[in-house]
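One structure is given here, and the rest of the page talks about it.
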Amino acid sequence: MKKIVFITALIFGFVLLTSALKSPKVSDYEQVTNNFKNLKVLPQNISKDSLMSLMQEYNTALGVKCNYCHSKDKSADDVYMKEVARHMITLTNSLNVKEFNPIGEQYENAVNCAMCHRGTPKAMTAVKYFETNMKRK
C-alpha cells in the first residue's frame, strides 16, 4: 500500500513539474525570433501571426493584394503606396488614441481602413457612398 501511494505521489509530482516547465507559446517565441526589417509604423516586436493578420485586414479593407504596397522584397521601400499606407496607419492610430479612446473602451479602434475605403483602393467620400448605396426612388 505504501508503495502505491509513493508511486502515485511520484507520478503526480512529475506531472506538476512538467506542466510548470511548459515551453513558451508559439506567438511568444515568434515575437522573440522575428527579425522583420523596415517596420517604421508597426511595433518592432509584432508576432508573425499578428503581422499577417493585419496585412490581410488591409487587403480586405482596400480590396487589393500584397503587391499594391510591396515589391518582391517585402522590406524594400520601392513602392510608393507603402509610404502612403504608413501615413494612413499613423492617421488612424492617432484618431483612435486622441479622439476615440478618451470616450470609452468600446471605441478603442473605432477608426479603421474599411471605414472609408469599403473594399476599394481609393477612399470613398460620403457623397459617393450615398450615391452608390442610397438610390433615390
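Starting from 1 in every chain, residues are counted up; chains themselves are A, B, ... following the order of the C-alpha cells, and ligands are numbered from 1 as listed.
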Quiz item: Near region 61-69 of chain A, counting only C-alpha atoms, which residues have an atom at most 7 Å away, once you skip same-chain residues fewer than 3 positions from it, shown as a PyMOL selection string?
Solution: chain A and resi 57-58+79+81-82+113-114+117-121
Output of the above residues as a PDB file, in the first residue's frame, restricted to N, CA, C and O atoms:
```pdb
ATOM      1  N   GLU A  57      -6.131  42.163 -43.174  1.00  0.00           N
ATOM      2  CA  GLU A  57      -7.173  43.169 -42.927  1.00  0.00           C
ATOM      3  C   GLU A  57      -7.030  44.338 -43.904  1.00  0.00           C
ATOM      4  O   GLU A  57      -8.034  44.832 -44.431  1.00  0.00           O
ATOM      5  N   TYR A  58      -5.791  44.781 -44.145  1.00  0.00           N
ATOM      6  CA  TYR A  58      -5.566  45.865 -45.096  1.00  0.00           C
ATOM      7  C   TYR A  58      -5.989  45.427 -46.500  1.00  0.00           C
ATOM      8  O   TYR A  58      -6.628  46.196 -47.229  1.00  0.00           O
ATOM      9  N   VAL A  79       7.917  50.843 -53.411  1.00  0.00           N
ATOM     10  CA  VAL A  79       6.548  51.050 -53.891  1.00  0.00           C
ATOM     11  C   VAL A  79       5.969  52.234 -53.122  1.00  0.00           C
ATOM     12  O   VAL A  79       5.890  52.221 -51.893  1.00  0.00           O
ATOM     13  N   MET A  81       2.997  53.334 -52.639  1.00  0.00           N
ATOM     14  CA  MET A  81       1.813  53.103 -51.810  1.00  0.00           C
ATOM     15  C   MET A  81       2.170  52.595 -50.412  1.00  0.00           C
ATOM     16  O   MET A  81       1.379  52.746 -49.485  1.00  0.00           O
ATOM     17  N   LYS A  82       3.341  52.038 -50.256  1.00  0.00           N
ATOM     18  CA  LYS A  82       3.770  51.595 -48.928  1.00  0.00           C
ATOM     19  C   LYS A  82       3.925  52.800 -48.000  1.00  0.00           C
ATOM     20  O   LYS A  82       3.523  52.758 -46.836  1.00  0.00           O
ATOM     21  N   CYS A 113      -9.368  51.193 -41.671  1.00  0.00           N
ATOM     22  CA  CYS A 113      -9.268  51.432 -43.113  1.00  0.00           C
ATOM     23  C   CYS A 113     -10.598  51.245 -43.830  1.00  0.00           C
ATOM     24  O   CYS A 113     -10.954  52.014 -44.725  1.00  0.00           O
ATOM     25  N   ALA A 114     -11.324  50.197 -43.447  1.00  0.00           N
ATOM     26  CA  ALA A 114     -12.578  49.867 -44.131  1.00  0.00           C
ATOM     27  C   ALA A 114     -13.632  50.951 -43.963  1.00  0.00           C
ATOM     28  O   ALA A 114     -14.548  51.064 -44.779  1.00  0.00           O
ATOM     29  N   HIS A 117     -12.514  53.206 -46.982  1.00  0.00           N
ATOM     30  CA  HIS A 117     -12.181  52.521 -48.233  1.00  0.00           C
ATOM     31  C   HIS A 117     -13.272  51.562 -48.699  1.00  0.00           C
ATOM     32  O   HIS A 117     -13.487  51.412 -49.907  1.00  0.00           O
ATOM     33  N   ARG A 118     -13.911  50.891 -47.802  1.00  0.00           N
ATOM     34  CA  ARG A 118     -15.036  49.997 -48.129  1.00  0.00           C
ATOM     35  C   ARG A 118     -14.723  49.051 -49.275  1.00  0.00           C
ATOM     36  O   ARG A 118     -15.501  48.872 -50.206  1.00  0.00           O
ATOM     37  N   GLY A 119     -13.528  48.452 -49.215  1.00  0.00           N
ATOM     38  CA  GLY A 119     -13.147  47.445 -50.208  1.00  0.00           C
ATOM     39  C   GLY A 119     -12.596  47.997 -51.506  1.00  0.00           C
ATOM     40  O   GLY A 119     -12.430  47.257 -52.469  1.00  0.00           O
ATOM     41  N   THR A 120     -12.281  49.292 -51.542  1.00  0.00           N
ATOM     42  CA  THR A 120     -11.704  49.888 -52.753  1.00  0.00           C
ATOM     43  C   THR A 120     -10.403  50.613 -52.405  1.00  0.00           C
ATOM     44  O   THR A 120     -10.264  51.152 -51.308  1.00  0.00           O
ATOM     45  N   PRO A 121      -9.443  50.647 -53.339  1.00  0.00           N
ATOM     46  CA  PRO A 121      -8.164  51.304 -53.052  1.00  0.00           C
ATOM     47  C   PRO A 121      -8.296  52.800 -52.772  1.00  0.00           C
ATOM     48  O   PRO A 121      -7.553  53.350 -51.979  1.00  0.00           O
TER      49      PRO A 121
END
```
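Between CA of Thr60 (chain A) and CA of Met115 (chain A) the interatomic distance comes to 11.7 Å.
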Practice problem: Write down as an MDAnalysis selection string the residues of region 54-126 of chain A whose backbone DSSP state falls under alpha helix (DSSP H). | Solution: chainID A and resid 54:62 80:95 113:117 126
Export of the given selection (C-alpha atoms) as a CSV table (one decimal), in the first residue's frame:
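Just written: out30.csv:
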```
chain,number,residue,atom,x,y,z
A,54,LEU,CA,-3.1,42.9,-40.0
A,55,MET,CA,-1.9,42.7,-43.7
A,56,GLN,CA,-4.9,40.6,-44.5
A,57,GLU,CA,-7.2,43.2,-42.9
A,58,TYR,CA,-5.6,45.9,-45.1
A,59,ASN,CA,-6.0,43.7,-48.2
A,60,THR,CA,-9.7,43.2,-47.4
A,61,ALA,CA,-10.4,46.8,-46.5
A,62,LEU,CA,-8.8,48.2,-49.7
A,80,TYR,CA,5.1,54.5,-53.3
A,81,MET,CA,1.8,53.1,-51.8
A,82,LYS,CA,3.8,51.6,-48.9
A,83,GLU,CA,4.6,55.1,-47.7
A,84,VAL,CA,1.0,56.2,-48.2
A,85,ALA,CA,-0.1,53.2,-46.2
A,86,ARG,CA,2.3,54.2,-43.4
A,87,HIS,CA,0.8,57.6,-43.3
A,88,MET,CA,-2.8,56.2,-43.2
A,89,ILE,CA,-1.8,53.8,-40.4
A,90,THR,CA,-0.4,56.7,-38.4
A,91,LEU,CA,-3.6,58.7,-39.1
A,92,THR,CA,-6.0,56.0,-38.0
A,93,ASN,CA,-3.9,55.3,-34.9
A,94,SER,CA,-3.8,58.9,-34.0
A,95,LEU,CA,-7.5,59.4,-34.4
A,113,CYS,CA,-9.3,51.4,-43.1
A,114,ALA,CA,-12.6,49.9,-44.1
A,115,MET,CA,-14.5,52.8,-42.7
A,116,CYS,CA,-13.5,55.0,-45.7
A,117,HIS,CA,-12.2,52.5,-48.2
A,126,ALA,CA,-19.7,60.3,-48.0
```
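Closest approach to Asn96 (chain A) among A:Asn112, A:Asn38, A:Leu51, A:Asp77 is made by A:Asn112 (distances from only C-alpha atoms).
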Practice problem: Report the distance between CA of Lys37 (chain A) and CA of Val111 (chain A) in Å, rounded to one decimal place. | Solution: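 For CA of Lys37 (chain A) relative to CA of Val111 (chain A), the distance reads 26.8 Å.
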